[in-house]
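What follows is the content of final_6.cif, which has mmCIF, C-alpha atoms:
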```
data_protein
loop_
_atom_site.label_atom_id
_atom_site.label_comp_id
_atom_site.auth_asym_id
_atom_site.auth_seq_id
_atom_site.Cartn_x
_atom_site.Cartn_y
_atom_site.Cartn_z
CA MET A 1 0.00 0.00 0.00
CA SER A 2 2.93 2.36 0.33
CA SER A 3 2.79 3.25 -3.37
CA SER A 4 -0.77 4.51 -2.96
CA TRP A 5 -0.02 6.69 0.03
CA THR A 6 1.28 9.47 -2.20
CA ALA A 7 -2.31 10.60 -2.75
CA LEU A 8 -2.44 11.58 0.91
CA GLU A 9 0.84 13.44 1.09
CA GLY A 10 0.93 17.20 0.75
CA VAL A 11 2.76 18.92 -2.05
CA ARG A 12 6.16 20.19 -0.95
CA ARG A 13 7.38 23.29 -2.58
CA ALA A 14 11.05 23.95 -2.59
CA HIS A 15 12.13 27.23 -1.12
CA SER A 16 12.87 29.62 -3.91
CA GLY A 17 16.45 30.78 -4.29
CA SER A 18 17.82 32.83 -1.45
CA THR A 19 17.70 36.56 -1.77
CA SER A 20 20.16 38.96 -0.25
CA ARG A 21 18.28 40.41 2.69
CA LEU A 22 19.55 42.39 5.60
CA GLN A 23 20.16 40.28 8.67
CA ALA A 24 18.46 41.26 11.94
CA PRO A 25 21.49 43.01 13.54
CA GLU A 26 22.14 45.03 10.39
CA LEU A 27 18.49 45.98 10.12
CA LEU A 28 18.42 47.04 13.77
CA ARG A 29 21.50 49.25 13.34
CA LEU A 30 20.00 50.84 10.24
CA LEU A 31 16.74 51.49 12.07
CA LEU A 32 18.54 53.05 15.04
CA VAL A 33 20.54 55.35 12.73
CA LEU A 34 17.38 56.40 10.89
CA ALA A 35 15.57 57.09 14.17
CA ALA A 36 18.50 59.11 15.48
CA LEU A 37 18.68 61.15 12.27
CA THR A 38 14.93 61.77 12.37
CA VAL A 39 15.06 62.96 16.00
CA ALA A 40 18.09 65.14 15.19
CA GLY A 41 16.20 66.68 12.27
CA ILE A 42 13.17 67.36 14.45
CA LEU A 43 15.31 68.98 17.14
CA ALA A 44 17.18 71.04 14.52
CA ALA A 45 13.86 72.25 13.12
CA ALA A 46 12.76 73.22 16.64
CA ALA A 47 16.05 75.04 17.28
CA THR A 48 15.72 77.11 14.11
CA GLY A 49 12.13 77.99 14.89
CA ALA A 50 10.62 76.00 12.02
CA LEU A 51 8.72 73.87 14.56
CA ALA A 52 7.23 74.78 17.88
CA ALA A 53 8.98 73.14 20.83
CA ALA A 54 5.84 71.21 21.83
CA THR A 55 5.38 69.85 18.29
CA ALA A 56 9.03 68.84 18.10
CA LEU A 57 8.73 67.06 21.44
CA ARG A 58 5.62 65.22 20.25
CA LEU A 59 7.28 64.15 17.00
CA ALA A 60 10.43 62.97 18.76
CA SER A 61 8.29 61.04 21.24
CA LEU A 62 6.38 59.38 18.40
CA VAL A 63 9.62 58.33 16.73
CA GLY A 64 10.87 56.92 20.03
CA LEU A 65 7.62 55.06 20.71
CA GLY A 66 7.62 53.68 17.18
CA LEU A 67 11.17 52.41 17.65
CA VAL A 68 10.31 50.78 20.98
CA GLY A 69 7.19 49.18 19.44
CA PHE A 70 9.26 47.84 16.57
CA LEU A 71 11.84 46.39 18.95
CA VAL A 72 9.16 44.70 21.08
CA ALA A 73 7.43 43.24 18.01
CA THR A 74 10.75 42.02 16.60
CA ALA A 75 11.64 40.32 19.87
CA ALA A 76 8.20 38.69 20.10
CA LEU A 77 8.31 37.39 16.53
CA ALA A 78 11.94 36.23 16.61
CA GLY A 79 10.95 32.76 17.80
CA PHE A 80 8.61 32.27 14.85
CA ASP A 81 11.36 33.18 12.41
CA ARG A 82 13.59 30.47 13.90
CA LEU A 83 10.79 27.93 13.50
CA GLN A 84 10.30 28.85 9.87
CA ARG A 85 14.01 28.66 9.06
CA ARG A 86 14.37 25.33 10.83
CA GLY A 87 12.05 23.54 8.39
CA ARG A 88 13.86 24.88 5.34
CA GLY A 89 17.29 24.20 6.75
CA ALA A 90 16.65 20.58 7.74
CA SER A 91 19.38 18.40 6.40
CA ALA A 92 18.69 15.51 4.06
CA VAL A 93 19.61 13.09 6.84
CA GLU A 94 16.96 14.61 9.15
CA ARG A 95 14.32 14.39 6.40
CA VAL A 96 15.19 10.77 5.69
CA LYS A 97 14.80 9.90 9.38
CA VAL A 98 11.34 11.50 9.53
CA ALA A 99 10.00 9.98 6.30
CA PRO A 100 9.99 6.31 7.43
CA VAL A 101 8.10 7.23 10.60
CA LEU A 102 5.43 9.03 8.61
CA LEU A 103 5.20 6.18 6.12
CA GLU A 104 4.87 3.66 8.93
CA ARG A 105 2.02 5.68 10.43
CA ALA A 106 0.32 5.91 7.05
CA GLU A 107 0.68 2.17 6.50
CA ARG A 108 -0.78 1.52 9.94
CA ARG A 109 -3.78 3.77 9.26
CA LEU A 110 -4.45 2.01 5.98
CA GLU A 111 -4.21 -1.39 7.66
CA LEU A 112 -6.64 -0.27 10.37
CA ALA A 113 -9.04 1.05 7.71
CA VAL A 114 -9.07 -2.44 6.18
CA SER A 115 -9.59 -4.07 9.57
CA PHE A 116 -12.18 -1.83 11.23
CA ALA A 117 -15.17 0.07 9.83
CA ALA A 118 -14.73 2.90 12.35
CA GLN A 119 -11.15 3.46 11.22
CA PHE A 120 -12.21 3.45 7.58
CA GLU A 121 -14.90 6.04 8.36
CA GLN A 122 -12.29 8.39 9.82
CA LEU A 123 -10.03 7.87 6.81
CA ARG A 124 -12.98 8.23 4.41
CA ARG A 125 -13.79 11.70 5.76
CA GLU A 126 -10.19 12.82 5.31
CA LEU A 127 -9.97 11.32 1.84
CA ARG A 128 -13.19 13.07 0.87
CA VAL A 129 -11.61 16.40 1.83
CA VAL A 130 -8.60 15.50 -0.33
CA ALA A 131 -10.92 14.59 -3.22
CA GLU A 132 -12.88 17.85 -2.85
CA GLN A 133 -9.67 19.88 -2.91
CA ARG A 134 -8.28 18.08 -5.94
CA LEU A 135 -11.57 18.31 -7.80
CA GLY A 136 -11.85 21.97 -6.84
CA GLY A 137 -8.49 22.53 -8.51
CA ARG A 138 -10.13 21.31 -11.72
CA GLY A 139 -13.18 23.49 -11.20
CA LEU A 140 -15.42 20.59 -10.19
CA ARG A 141 -17.61 20.05 -7.15
CA PHE A 142 -17.64 16.65 -5.51
CA GLU A 143 -21.41 16.31 -5.94
CA SER A 144 -21.26 16.91 -9.72
CA GLU A 145 -21.72 14.21 -12.30
CA ALA A 146 -18.37 15.11 -13.89
CA ALA A 147 -16.63 14.43 -10.57
CA ARG A 148 -18.40 11.11 -10.30
CA GLU A 149 -17.21 10.15 -13.79
CA LEU A 150 -13.65 11.31 -13.11
CA LEU A 151 -13.36 9.38 -9.85
CA GLY A 152 -15.34 6.38 -11.00
CA GLY A 153 -18.64 5.24 -9.56
CA GLU A 154 -17.18 2.86 -6.98
CA VAL A 155 -14.67 5.38 -5.62
CA TRP A 156 -17.21 8.21 -5.59
CA GLN A 157 -19.67 6.00 -3.71
CA LEU A 158 -17.01 5.01 -1.14
CA LEU A 159 -16.22 8.67 -0.49
CA ALA A 160 -19.77 9.99 -0.69
CA GLU A 161 -21.62 7.95 1.90
CA PRO A 162 -20.62 6.76 5.33
CA ARG A 163 -20.94 3.05 5.85
CA ALA A 164 -23.59 2.26 8.42
CA ALA A 165 -21.93 -0.66 10.16
CA ASP A 166 -20.83 -1.84 13.53
CA LYS A 167 -17.64 0.02 14.41
CA PHE A 168 -15.88 -3.29 15.11
CA SER A 169 -16.91 -4.86 11.82
CA ALA A 170 -14.41 -5.21 8.99
CA GLY A 171 -13.48 -2.07 7.12
CA VAL A 172 -13.17 -1.71 3.38
CA GLU A 173 -11.56 -4.39 1.26
CA ARG A 174 -7.89 -3.82 0.51
CA ALA A 175 -8.43 -3.85 -3.27
CA ARG A 176 -11.18 -1.21 -3.03
CA LEU A 177 -8.97 0.99 -0.83
CA GLU A 178 -6.15 0.66 -3.38
CA ARG A 179 -8.49 1.70 -6.20
CA LEU A 180 -9.70 4.66 -4.13
CA LEU A 181 -6.16 5.88 -3.48
CA GLN A 182 -5.15 5.40 -7.12
CA ALA A 183 -8.19 7.35 -8.29
CA LEU A 184 -7.26 10.23 -5.96
CA GLU A 185 -3.72 10.20 -7.33
CA GLY A 186 -5.14 10.51 -10.84
CA VAL A 187 -7.21 13.59 -10.07
#
```

Starting from the coordinates I provided, produce the structure as structure tokens.
Amino acid sequence: MSSSWTALEGVRRAHSGSTSRLQAPELLRLLLVLAALTVAGILAAAATGALAAATALRLASLVGLGLVGFLVATAALAGFDRLQRRGRGASAVERVKVAPVLLERAERRLELAVSFAAQFEQLRRELRVVAEQRLGGRGLRFESEAARELLGGEVWQLLAEPRAADKFSAGVERARLERLLQALEGV
């Protein structure tokens, strides 16, 4: 069944080529210099009489508050940036170690779906969502006749209606589950 599991896997998109962006310390230094220059300009305008002292004080305070707000937001979001980079920077060895575990779980779920009707019902609901998404990508609704023809009558019927059975009764036959997964791969 491992060959049919690909219908359930999400599409991985490779991270587009790296762009030359400013790193956090460089960006912080640049921001501090810009804030300092802005405050100096405001104070110079107040000294020459172009701005009233109260207005200059308000503007300098706003620049300072904006800088503090930016620093607080940057510190709060720094953890999320590390989480995002971690996924992209995972080495091939780390990805290979994770893949067998996920495949083993998928195999186990498929085996349980064959063995127990309740397990198949859980899987059926998830597979129906996958089918609806894939059909939606083609501009079709699951309930349409075109979707029924594309999936095939047997597969559409398996996905469309829950099986009213004892939850400890046997699930779906292995061959039918294989056909269902292959039909989803073809959509």

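Note that the spacing between CA of Pro25 in chain A and CA of Leu62 in chain A amounts to 22.8 Å.
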
Shell of 9 Å around range 128-131 of chain A, only C-alpha atoms, local chain residues under 3 positions omitted, as a CSV table (one decimal) with C-alpha atoms, in the coordinates of the input:
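Printed below is selection.csv as written:
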```
chain,number,residue,atom,x,y,z
A,7,ALA,CA,-2.3,10.6,-2.8
A,8,LEU,CA,-2.4,11.6,0.9
A,123,LEU,CA,-10.0,7.9,6.8
A,124,ARG,CA,-13.0,8.2,4.4
A,125,ARG,CA,-13.8,11.7,5.8
A,134,ARG,CA,-8.3,18.1,-5.9
A,135,LEU,CA,-11.6,18.3,-7.8
A,136,GLY,CA,-11.8,22.0,-6.8
A,142,PHE,CA,-17.6,16.6,-5.5
A,151,LEU,CA,-13.4,9.4,-9.8
A,159,LEU,CA,-16.2,8.7,-0.5
A,160,ALA,CA,-19.8,10.0,-0.7
A,184,LEU,CA,-7.3,10.2,-6.0
A,187,VAL,CA,-7.2,13.6,-10.1
```

Nearest-residue call for Leu31 in chain A, choices A:Leu57, A:Leu71, A:Leu51, A:Ala44, using all atoms listed in the file |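 Once distances to Leu31 in chain A are computed over all atoms listed in the file, the minimum belongs to A:Leu71.
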
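Across the model, the gap from CA of Arg174 in chain A to CA of Glu111 in chain A is 8.4 Å.
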
Chain and number of each residue from the PyMOL selection byres ((chain A and resi 120) around 12), as number ranges by chain = A: 108-119, 121-128, 158-159, 161-174, 176-177

Could you tell me how far CA of Arg141 in chain A lies from CA of Ala106 in chain A, in Å and to one decimal?
->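 We find that CA of Arg141 in chain A and CA of Ala106 in chain A lie 26.9 Å from each other.
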
Is there a way to get, as number ranges by chain, all residues within 12 Å of the point (6.7, 64.3, 15.6) in file coordinates, counting all atoms listed in the file?
-> A: 35, 38-43, 45-46, 51-66
